[in-house]
Each structure stands twice: as structure tokens, then as C-alpha cells.
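> This is the content of my_file10.cif (mmCIF, N, CA and C atoms):
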```
data_target
loop_
_atom_site.group_PDB
_atom_site.id
_atom_site.type_symbol
_atom_site.label_atom_id
_atom_site.label_comp_id
_atom_site.auth_asym_id
_atom_site.auth_seq_id
_atom_site.Cartn_x
_atom_site.Cartn_y
_atom_site.Cartn_z
ATOM 1 N N MET A 1 -2.850 -6.453 9.392
ATOM 2 C CA MET A 1 -3.864 -5.444 9.608
ATOM 3 C C MET A 1 -3.650 -4.300 8.625
ATOM 4 N N ASN A 2 -4.667 -3.969 7.888
ATOM 5 C CA ASN A 2 -4.598 -2.889 6.916
ATOM 6 C C ASN A 2 -4.824 -1.554 7.610
ATOM 7 N N ILE A 3 -4.268 -0.507 7.005
ATOM 8 C CA ILE A 3 -4.527 0.839 7.508
ATOM 9 C C ILE A 3 -4.924 1.726 6.335
ATOM 10 N N ALA A 4 -5.673 2.750 6.618
ATOM 11 C CA ALA A 4 -6.054 3.734 5.601
ATOM 12 C C ALA A 4 -5.527 5.086 6.044
ATOM 13 N N ILE A 5 -4.906 5.788 5.101
ATOM 14 C CA ILE A 5 -4.411 7.135 5.380
ATOM 15 C C ILE A 5 -4.880 8.063 4.272
ATOM 16 N N ASP A 6 -4.977 9.327 4.605
ATOM 17 C CA ASP A 6 -5.317 10.332 3.611
ATOM 18 C C ASP A 6 -4.039 10.865 2.994
ATOM 19 N N GLU A 7 -4.157 11.364 1.792
ATOM 20 C CA GLU A 7 -2.998 11.844 1.049
ATOM 21 C C GLU A 7 -2.169 12.852 1.831
ATOM 22 N N ASP A 8 -2.816 13.734 2.572
ATOM 23 C CA ASP A 8 -2.069 14.764 3.298
ATOM 24 C C ASP A 8 -1.341 14.232 4.538
ATOM 25 N N HIS A 9 -1.443 12.920 4.816
ATOM 26 C CA HIS A 9 -0.729 12.314 5.945
ATOM 27 C C HIS A 9 0.408 11.396 5.509
ATOM 28 N N ILE A 10 0.750 11.408 4.236
ATOM 29 C CA ILE A 10 1.826 10.536 3.751
ATOM 30 C C ILE A 10 3.117 10.787 4.515
ATOM 31 N N ASN A 11 3.457 12.059 4.712
ATOM 32 C CA ASN A 11 4.760 12.382 5.309
ATOM 33 C C ASN A 11 4.872 12.016 6.787
ATOM 34 N N THR A 12 3.781 11.627 7.431
ATOM 35 C CA THR A 12 3.845 11.213 8.842
ATOM 36 C C THR A 12 3.394 9.768 9.052
ATOM 37 N N ALA A 13 3.005 9.100 7.995
ATOM 38 C CA ALA A 13 2.469 7.736 8.111
ATOM 39 C C ALA A 13 3.557 6.724 8.442
ATOM 40 N N ASP A 14 3.213 5.764 9.274
ATOM 41 C CA ASP A 14 4.102 4.648 9.575
ATOM 42 C C ASP A 14 3.793 3.553 8.568
ATOM 43 N N LEU A 15 4.664 3.402 7.585
ATOM 44 C CA LEU A 15 4.448 2.427 6.526
ATOM 45 C C LEU A 15 5.198 1.122 6.779
ATOM 46 N N ARG A 16 5.927 1.048 7.894
ATOM 47 C CA ARG A 16 6.691 -0.166 8.190
ATOM 48 C C ARG A 16 5.759 -1.361 8.300
ATOM 49 N N GLY A 17 6.160 -2.429 7.711
ATOM 50 C CA GLY A 17 5.347 -3.634 7.709
ATOM 51 C C GLY A 17 4.389 -3.708 6.541
ATOM 52 N N ALA A 18 4.267 -2.635 5.784
ATOM 53 C CA ALA A 18 3.359 -2.648 4.633
ATOM 54 C C ALA A 18 3.943 -3.513 3.524
ATOM 55 N N VAL A 19 3.085 -4.287 2.908
ATOM 56 C CA VAL A 19 3.487 -5.118 1.786
ATOM 57 C C VAL A 19 2.978 -4.505 0.484
ATOM 58 N N GLU A 20 1.877 -3.771 0.556
ATOM 59 C CA GLU A 20 1.323 -3.125 -0.631
ATOM 60 C C GLU A 20 0.788 -1.747 -0.265
ATOM 61 N N LEU A 21 0.918 -0.828 -1.220
ATOM 62 C CA LEU A 21 0.308 0.502 -1.113
ATOM 63 C C LEU A 21 -0.690 0.643 -2.254
ATOM 64 N N TRP A 22 -1.908 0.973 -1.890
ATOM 65 C CA TRP A 22 -2.988 1.090 -2.875
ATOM 66 C C TRP A 22 -3.557 2.497 -2.874
ATOM 67 N N LEU A 23 -3.934 2.965 -4.045
ATOM 68 C CA LEU A 23 -4.708 4.202 -4.175
ATOM 69 C C LEU A 23 -6.172 3.794 -4.186
ATOM 70 N N VAL A 24 -6.946 4.352 -3.260
ATOM 71 C CA VAL A 24 -8.358 3.996 -3.137
ATOM 72 C C VAL A 24 -9.191 5.258 -2.953
ATOM 73 N N SER A 25 -10.486 5.110 -3.038
ATOM 74 C CA SER A 25 -11.389 6.254 -2.886
ATOM 75 C C SER A 25 -11.411 6.742 -1.444
ATOM 76 N N PRO A 26 -11.844 7.980 -1.228
ATOM 77 C CA PRO A 26 -11.906 8.521 0.141
ATOM 78 C C PRO A 26 -12.824 7.737 1.079
ATOM 79 N N GLN A 27 -13.761 6.992 0.549
ATOM 80 C CA GLN A 27 -14.693 6.227 1.378
ATOM 81 C C GLN A 27 -14.175 4.831 1.722
ATOM 82 N N ALA A 28 -12.974 4.479 1.308
ATOM 83 C CA ALA A 28 -12.440 3.126 1.492
ATOM 84 C C ALA A 28 -12.346 2.754 2.969
ATOM 85 N N ALA A 29 -12.834 1.576 3.291
ATOM 86 C CA ALA A 29 -12.774 1.068 4.666
ATOM 87 C C ALA A 29 -11.420 0.409 4.903
ATOM 88 N N PRO A 30 -10.751 0.740 6.009
ATOM 89 C CA PRO A 30 -9.431 0.170 6.260
ATOM 90 C C PRO A 30 -9.432 -1.338 6.490
ATOM 91 N N ASP A 31 -10.545 -1.902 6.926
ATOM 92 C CA ASP A 31 -10.562 -3.325 7.246
ATOM 93 C C ASP A 31 -10.885 -4.230 6.058
ATOM 94 N N ALA A 32 -11.102 -3.652 4.879
ATOM 95 C CA ALA A 32 -11.394 -4.469 3.698
ATOM 96 C C ALA A 32 -10.119 -5.166 3.215
ATOM 97 N N ASN A 33 -10.263 -6.339 2.631
ATOM 98 C CA ASN A 33 -9.105 -7.060 2.101
ATOM 99 C C ASN A 33 -8.710 -6.580 0.721
ATOM 100 N N GLU A 34 -9.642 -5.997 -0.008
ATOM 101 C CA GLU A 34 -9.333 -5.408 -1.308
ATOM 102 C C GLU A 34 -10.346 -4.339 -1.636
ATOM 103 N N HIS A 35 -9.950 -3.485 -2.567
ATOM 104 C CA HIS A 35 -10.832 -2.416 -3.022
ATOM 105 C C HIS A 35 -10.871 -2.455 -4.539
ATOM 106 N N PRO A 36 -11.990 -2.882 -5.107
ATOM 107 C CA PRO A 36 -12.066 -3.008 -6.560
ATOM 108 C C PRO A 36 -11.941 -1.668 -7.290
ATOM 109 N N ASP A 37 -12.144 -0.575 -6.571
ATOM 110 C CA ASP A 37 -12.036 0.742 -7.210
ATOM 111 C C ASP A 37 -10.646 1.348 -7.012
ATOM 112 N N GLY A 38 -9.675 0.520 -6.659
ATOM 113 C CA GLY A 38 -8.345 1.038 -6.369
ATOM 114 C C GLY A 38 -7.275 0.500 -7.294
ATOM 115 N N LEU A 39 -6.087 1.075 -7.138
ATOM 116 C CA LEU A 39 -4.923 0.663 -7.918
ATOM 117 C C LEU A 39 -3.764 0.360 -6.980
ATOM 118 N N CYS A 40 -3.105 -0.747 -7.203
ATOM 119 C CA CYS A 40 -1.902 -1.074 -6.443
ATOM 120 C C CYS A 40 -0.741 -0.315 -7.082
ATOM 121 N N LEU A 41 -0.059 0.489 -6.285
ATOM 122 C CA LEU A 41 1.013 1.345 -6.791
ATOM 123 C C LEU A 41 2.395 0.835 -6.402
ATOM 124 N N TRP A 42 2.508 0.126 -5.276
ATOM 125 C CA TRP A 42 3.816 -0.314 -4.773
ATOM 126 C C TRP A 42 3.660 -1.638 -4.045
ATOM 127 N N ARG A 43 4.649 -2.492 -4.229
ATOM 128 C CA ARG A 43 4.703 -3.747 -3.475
ATOM 129 C C ARG A 43 6.064 -3.845 -2.816
ATOM 130 N N GLY A 44 6.035 -4.148 -1.535
ATOM 131 C CA GLY A 44 7.259 -4.300 -0.778
ATOM 132 C C GLY A 44 7.750 -5.725 -0.809
ATOM 133 N N ARG A 45 8.853 -5.902 -0.144
ATOM 134 C CA ARG A 45 9.431 -7.235 -0.015
ATOM 135 C C ARG A 45 9.120 -7.736 1.387
ATOM 136 N N PRO A 46 8.111 -8.591 1.520
ATOM 137 C CA PRO A 46 7.720 -9.044 2.853
ATOM 138 C C PRO A 46 8.784 -9.927 3.495
ATOM 139 N N VAL A 47 8.854 -9.834 4.791
ATOM 140 C CA VAL A 47 9.731 -10.704 5.563
ATOM 141 C C VAL A 47 8.891 -11.906 5.984
ATOM 142 N N VAL A 48 9.275 -13.056 5.486
ATOM 143 C CA VAL A 48 8.528 -14.287 5.770
ATOM 144 C C VAL A 48 9.454 -15.251 6.492
ATOM 145 N N SER A 49 9.029 -15.704 7.641
ATOM 146 C CA SER A 49 9.841 -16.646 8.413
ATOM 147 C C SER A 49 9.562 -18.081 7.985
ATOM 148 N N HIS A 50 10.451 -18.967 8.340
ATOM 149 C CA HIS A 50 10.267 -20.395 8.067
ATOM 150 C C HIS A 50 8.990 -20.911 8.740
ATOM 151 N N ASP A 51 8.743 -20.447 9.971
ATOM 152 C CA ASP A 51 7.534 -20.868 10.691
ATOM 153 C C ASP A 51 6.268 -20.455 9.953
ATOM 154 N N MET A 52 6.281 -19.238 9.418
ATOM 155 C CA MET A 52 5.105 -18.760 8.685
ATOM 156 C C MET A 52 4.855 -19.624 7.452
ATOM 157 N N LEU A 53 5.926 -19.989 6.753
ATOM 158 C CA LEU A 53 5.780 -20.828 5.566
ATOM 159 C C LEU A 53 5.295 -22.225 5.932
ATOM 160 N N SER A 54 5.874 -22.802 6.964
ATOM 161 C CA SER A 54 5.494 -24.169 7.330
ATOM 162 C C SER A 54 4.072 -24.236 7.885
ATOM 163 N N GLU A 55 3.620 -23.168 8.507
ATOM 164 C CA GLU A 55 2.261 -23.130 9.052
ATOM 165 C C GLU A 55 1.245 -22.646 8.030
ATOM 166 N N GLY A 56 1.729 -22.150 6.902
ATOM 167 C CA GLY A 56 0.816 -21.650 5.875
ATOM 168 C C GLY A 56 0.154 -20.336 6.242
ATOM 169 N N THR A 57 0.797 -19.547 7.106
ATOM 170 C CA THR A 57 0.191 -18.293 7.562
ATOM 171 C C THR A 57 0.788 -17.066 6.903
ATOM 172 N N HIS A 58 1.714 -17.245 5.955
ATOM 173 C CA HIS A 58 2.375 -16.082 5.358
ATOM 174 C C HIS A 58 1.408 -15.167 4.618
ATOM 175 N N GLU A 59 0.354 -15.697 4.029
ATOM 176 C CA GLU A 59 -0.625 -14.864 3.327
ATOM 177 C C GLU A 59 -1.558 -14.128 4.296
ATOM 178 N N GLN A 60 -1.689 -14.619 5.514
ATOM 179 C CA GLN A 60 -2.587 -13.996 6.481
ATOM 180 C C GLN A 60 -2.014 -12.708 7.046
ATOM 181 N N ASN A 61 -0.716 -12.522 6.924
ATOM 182 C CA ASN A 61 -0.059 -11.377 7.537
ATOM 183 C C ASN A 61 0.241 -10.255 6.556
ATOM 184 N N VAL A 62 -0.434 -10.236 5.416
ATOM 185 C CA VAL A 62 -0.230 -9.181 4.437
ATOM 186 C C VAL A 62 -0.853 -7.892 4.972
ATOM 187 N N ARG A 63 -0.042 -6.849 5.037
ATOM 188 C CA ARG A 63 -0.531 -5.548 5.502
ATOM 189 C C ARG A 63 -0.571 -4.600 4.316
ATOM 190 N N ARG A 64 -1.756 -4.090 4.062
ATOM 191 C CA ARG A 64 -1.931 -3.149 2.967
ATOM 192 C C ARG A 64 -2.196 -1.757 3.529
ATOM 193 N N VAL A 65 -1.680 -0.780 2.819
ATOM 194 C CA VAL A 65 -1.966 0.615 3.146
ATOM 195 C C VAL A 65 -2.880 1.131 2.049
ATOM 196 N N TRP A 66 -4.050 1.592 2.467
ATOM 197 C CA TRP A 66 -5.004 2.203 1.548
ATOM 198 C C TRP A 66 -4.762 3.709 1.596
ATOM 199 N N LEU A 67 -4.243 4.272 0.534
ATOM 200 C CA LEU A 67 -4.025 5.713 0.443
ATOM 201 C C LEU A 67 -5.259 6.329 -0.197
ATOM 202 N N ARG A 68 -6.029 7.044 0.599
ATOM 203 C CA ARG A 68 -7.300 7.617 0.136
ATOM 204 C C ARG A 68 -7.037 8.881 -0.675
ATOM 205 N N VAL A 69 -7.480 8.851 -1.923
ATOM 206 C CA VAL A 69 -7.307 9.985 -2.833
ATOM 207 C C VAL A 69 -8.616 10.223 -3.593
ATOM 208 N N ALA A 70 -8.767 11.431 -4.121
ATOM 209 C CA ALA A 70 -10.013 11.798 -4.786
ATOM 210 C C ALA A 70 -10.271 10.992 -6.060
ATOM 211 N N ASP A 71 -9.244 10.709 -6.827
ATOM 212 C CA ASP A 71 -9.427 10.007 -8.093
ATOM 213 C C ASP A 71 -8.423 8.854 -8.193
ATOM 214 N N PRO A 72 -8.704 7.727 -7.521
ATOM 215 C CA PRO A 72 -7.718 6.646 -7.428
ATOM 216 C C PRO A 72 -7.377 5.970 -8.752
ATOM 217 N N LEU A 73 -8.224 6.046 -9.741
ATOM 218 C CA LEU A 73 -7.968 5.368 -11.013
ATOM 219 C C LEU A 73 -7.212 6.236 -12.017
ATOM 220 N N SER A 74 -6.906 7.462 -11.641
ATOM 221 C CA SER A 74 -6.244 8.398 -12.551
ATOM 222 C C SER A 74 -4.721 8.220 -12.528
ATOM 223 N N PRO A 75 -4.098 8.074 -13.706
ATOM 224 C CA PRO A 75 -2.636 8.032 -13.758
ATOM 225 C C PRO A 75 -1.999 9.315 -13.216
ATOM 226 N N ALA A 76 -2.696 10.441 -13.357
ATOM 227 C CA ALA A 76 -2.179 11.705 -12.829
ATOM 228 C C ALA A 76 -2.113 11.675 -11.299
ATOM 229 N N THR A 77 -3.067 11.021 -10.671
ATOM 230 C CA THR A 77 -3.042 10.889 -9.208
ATOM 231 C C THR A 77 -1.835 10.070 -8.779
ATOM 232 N N ALA A 78 -1.600 8.956 -9.458
ATOM 233 C CA ALA A 78 -0.447 8.114 -9.131
ATOM 234 C C ALA A 78 0.850 8.901 -9.295
ATOM 235 N N ALA A 79 0.956 9.665 -10.360
ATOM 236 C CA ALA A 79 2.164 10.469 -10.599
ATOM 237 C C ALA A 79 2.331 11.551 -9.540
ATOM 238 N N ARG A 80 1.232 12.100 -9.067
ATOM 239 C CA ARG A 80 1.294 13.166 -8.067
ATOM 240 C C ARG A 80 1.751 12.660 -6.700
ATOM 241 N N VAL A 81 1.267 11.505 -6.273
ATOM 242 C CA VAL A 81 1.580 11.012 -4.924
ATOM 243 C C VAL A 81 2.874 10.204 -4.860
ATOM 244 N N ARG A 82 3.337 9.722 -5.987
ATOM 245 C CA ARG A 82 4.519 8.857 -5.972
ATOM 246 C C ARG A 82 5.756 9.499 -5.341
ATOM 247 N N PRO A 83 6.121 10.753 -5.661
ATOM 248 C CA PRO A 83 7.323 11.325 -5.034
ATOM 249 C C PRO A 83 7.252 11.357 -3.502
ATOM 250 N N ALA A 84 6.108 11.700 -2.946
ATOM 251 C CA ALA A 84 5.968 11.739 -1.487
ATOM 252 C C ALA A 84 6.067 10.334 -0.899
ATOM 253 N N LEU A 85 5.487 9.353 -1.585
ATOM 254 C CA LEU A 85 5.581 7.975 -1.116
ATOM 255 C C LEU A 85 7.016 7.459 -1.198
ATOM 256 N N GLU A 86 7.704 7.773 -2.290
ATOM 257 C CA GLU A 86 9.100 7.352 -2.425
ATOM 258 C C GLU A 86 9.939 7.899 -1.273
ATOM 259 N N GLN A 87 9.740 9.176 -0.969
ATOM 260 C CA GLN A 87 10.504 9.797 0.111
ATOM 261 C C GLN A 87 10.195 9.131 1.448
ATOM 262 N N ARG A 88 8.922 8.908 1.739
ATOM 263 C CA ARG A 88 8.535 8.306 3.020
ATOM 264 C C ARG A 88 9.063 6.868 3.142
ATOM 265 N N LEU A 89 9.002 6.118 2.065
ATOM 266 C CA LEU A 89 9.519 4.747 2.078
ATOM 267 C C LEU A 89 11.029 4.740 2.309
ATOM 268 N N ARG A 90 11.746 5.678 1.683
ATOM 269 C CA ARG A 90 13.193 5.799 1.907
ATOM 270 C C ARG A 90 13.499 6.133 3.355
ATOM 271 N N GLU A 91 12.750 7.088 3.920
ATOM 272 C CA GLU A 91 12.953 7.491 5.317
ATOM 273 C C GLU A 91 12.785 6.314 6.270
ATOM 274 N N GLN A 92 11.880 5.404 5.931
ATOM 275 C CA GLN A 92 11.615 4.256 6.798
ATOM 276 C C GLN A 92 12.380 3.012 6.350
ATOM 277 N N GLN A 93 13.286 3.207 5.391
ATOM 278 C CA GLN A 93 14.157 2.147 4.891
ATOM 279 C C GLN A 93 13.378 0.926 4.414
ATOM 280 N N LEU A 94 12.308 1.183 3.688
ATOM 281 C CA LEU A 94 11.493 0.109 3.137
ATOM 282 C C LEU A 94 11.871 -0.112 1.682
ATOM 283 N N GLU A 95 11.972 -1.358 1.304
ATOM 284 C CA GLU A 95 12.321 -1.707 -0.062
ATOM 285 C C GLU A 95 11.115 -2.319 -0.752
ATOM 286 N N GLY A 96 11.020 -2.047 -2.025
ATOM 287 C CA GLY A 96 9.935 -2.587 -2.811
ATOM 288 C C GLY A 96 10.030 -2.068 -4.219
ATOM 289 N N GLU A 97 8.936 -2.195 -4.933
ATOM 290 C CA GLU A 97 8.941 -1.823 -6.338
ATOM 291 C C GLU A 97 7.691 -1.017 -6.687
ATOM 292 N N PHE A 98 7.934 0.148 -7.279
ATOM 293 C CA PHE A 98 6.844 0.908 -7.881
ATOM 294 C C PHE A 98 6.685 0.389 -9.297
ATOM 295 N N PHE A 99 5.495 0.395 -9.764
ATOM 296 C CA PHE A 99 5.218 -0.031 -11.125
ATOM 297 C C PHE A 99 3.963 0.667 -11.572
ATOM 298 N N PRO A 100 3.681 0.611 -12.848
ATOM 299 C CA PRO A 100 2.421 1.235 -13.271
ATOM 300 C C PRO A 100 1.280 0.692 -12.413
ATOM 301 N N ALA A 101 0.491 1.577 -11.890
ATOM 302 C CA ALA A 101 -0.609 1.167 -11.010
ATOM 303 C C ALA A 101 -1.501 0.176 -11.734
ATOM 304 N N GLU A 102 -1.863 -0.885 -11.025
ATOM 305 C CA GLU A 102 -2.705 -1.911 -11.638
ATOM 306 C C GLU A 102 -3.968 -2.118 -10.815
ATOM 307 N N THR A 103 -5.015 -2.448 -11.488
ATOM 308 C CA THR A 103 -6.300 -2.630 -10.812
ATOM 309 C C THR A 103 -6.342 -3.948 -10.078
ATOM 310 N N ALA A 104 -7.223 -4.014 -9.110
ATOM 311 C CA ALA A 104 -7.419 -5.260 -8.346
ATOM 312 C C ALA A 104 -8.012 -6.315 -9.240
ATOM 313 N N GLY A 105 -7.649 -7.562 -8.959
ATOM 314 C CA GLY A 105 -8.230 -8.691 -9.675
ATOM 315 C C GLY A 105 -7.708 -8.752 -11.042
#
```
Represent the supplied structure as C-alpha cells.


Amino acid sequence: MNIAIDEDHINTADLRGAVELWLVSPQAAPDANEHPDGLCLWRGRPVVSHDMLSEGTHEQNVRRVWLRVADPLSPATAARVRPALEQRLREQQLEGEFFPAETAG
């Protein structure tokens, strides 16, 4: 299940279980599977069980966090929000990789 949060809620957001963090427009719907106007900023290390692999359901359980920002395609936006996201991910002991934000598709 995807969730959408606004930039000013990063420090209180529950990011546990997130596999990807995306920068998206303020109008982004949380239930969408992707946002073509967004950038993927972080990917976590998902926990996949043997049962999930054998049943072929590991892709169905991908949880994305849509971080709603005014200018999601701007490198300056990614640079601005990254420190707060890094801190929140550390607080929740989440591991993953930040990389240059990349567009969907």
C-alpha cells in the first residue's frame, strides 16, 4: 500500500516498510502505482520471504512513499529534502540507497 506525505511531515512519517521514496507533485494520488511526473530518490532493501518468492507475490507488496513537493523534477528539491529523509530513515533503522533522482519508466 502506497502512502503520500507532504514535505513538512517528513520528520513524523512512518517510513517502515517503504521500498521506494518518490518526489511527486502536490496533486499526486497515494493509490497510484507510479507517477510519471515524479523522481525516485531512494530505494530500500525489501524483506522478501521464501513464500513470497514461491508464490510470485513479492512484486505485489512494494510500498512506495510519494513525497509531495512543489517542484518534483528539480535537482534542487531533491537536494533540499534529502537531509531530512536521511535522518528519518536512520531514526527508523531503514537501509537503502540514495542515488541521483531518476524519472519513472

> Which residues fall under the PyMOL selection byres (((chain A and resi 30-44 and name CA) around 10) and name CA) in this file, as a VMD selection string?

chain A and resid 1 to 5 16 to 25 27 to 29 45 to 47 62 to 69 71 to 75 78 to 79 81 to 82 85 to 86 89 94 to 105

> One decimal, Å: what's the distance from atom C of Pro26 in chain A over to atom N of Arg90 in chain A, could you say?

24.7 Å

> As an exercise, work out the distance from CA of Thr77 in chain A to CA of His9 in chain A in Å and give it to one decimal place.

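The value is 15.4 Å.
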
> If I take CA of Gln93 in chain A and atom N of Arg80 in chain A, how far is one from the other in Å, to one decimal?

21.5 Å

> Around the point (7.9, 6.7, 6.4) (coordinates from the file), which residues reach within 6 Å if we count only C-alpha atoms? Answer as a PDB file with N, CA and C atoms, in the frame of the given file.


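For reference, selection15.pdb as written:
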```pdb
ATOM      1  N   ALA A  13       3.005   9.100   7.995  1.00  0.00           N
ATOM      2  CA  ALA A  13       2.469   7.736   8.111  1.00  0.00           C
ATOM      3  C   ALA A  13       3.557   6.724   8.442  1.00  0.00           C
ATOM      4  N   ASP A  14       3.213   5.764   9.274  1.00  0.00           N
ATOM      5  CA  ASP A  14       4.102   4.648   9.575  1.00  0.00           C
ATOM      6  C   ASP A  14       3.793   3.553   8.568  1.00  0.00           C
ATOM      7  N   LEU A  15       4.664   3.402   7.585  1.00  0.00           N
ATOM      8  CA  LEU A  15       4.448   2.427   6.526  1.00  0.00           C
ATOM      9  C   LEU A  15       5.198   1.122   6.779  1.00  0.00           C
ATOM     10  N   ARG A  88       8.922   8.908   1.739  1.00  0.00           N
ATOM     11  CA  ARG A  88       8.535   8.306   3.020  1.00  0.00           C
ATOM     12  C   ARG A  88       9.063   6.868   3.142  1.00  0.00           C
ATOM     13  N   LEU A  89       9.002   6.118   2.065  1.00  0.00           N
ATOM     14  CA  LEU A  89       9.519   4.747   2.078  1.00  0.00           C
ATOM     15  C   LEU A  89      11.029   4.740   2.309  1.00  0.00           C
ATOM     16  N   GLU A  91      12.750   7.088   3.920  1.00  0.00           N
ATOM     17  CA  GLU A  91      12.953   7.491   5.317  1.00  0.00           C
ATOM     18  C   GLU A  91      12.785   6.314   6.270  1.00  0.00           C
ATOM     19  N   GLN A  92      11.880   5.404   5.931  1.00  0.00           N
ATOM     20  CA  GLN A  92      11.615   4.256   6.798  1.00  0.00           C
ATOM     21  C   GLN A  92      12.380   3.012   6.350  1.00  0.00           C
TER      22      GLN A  92
END
```
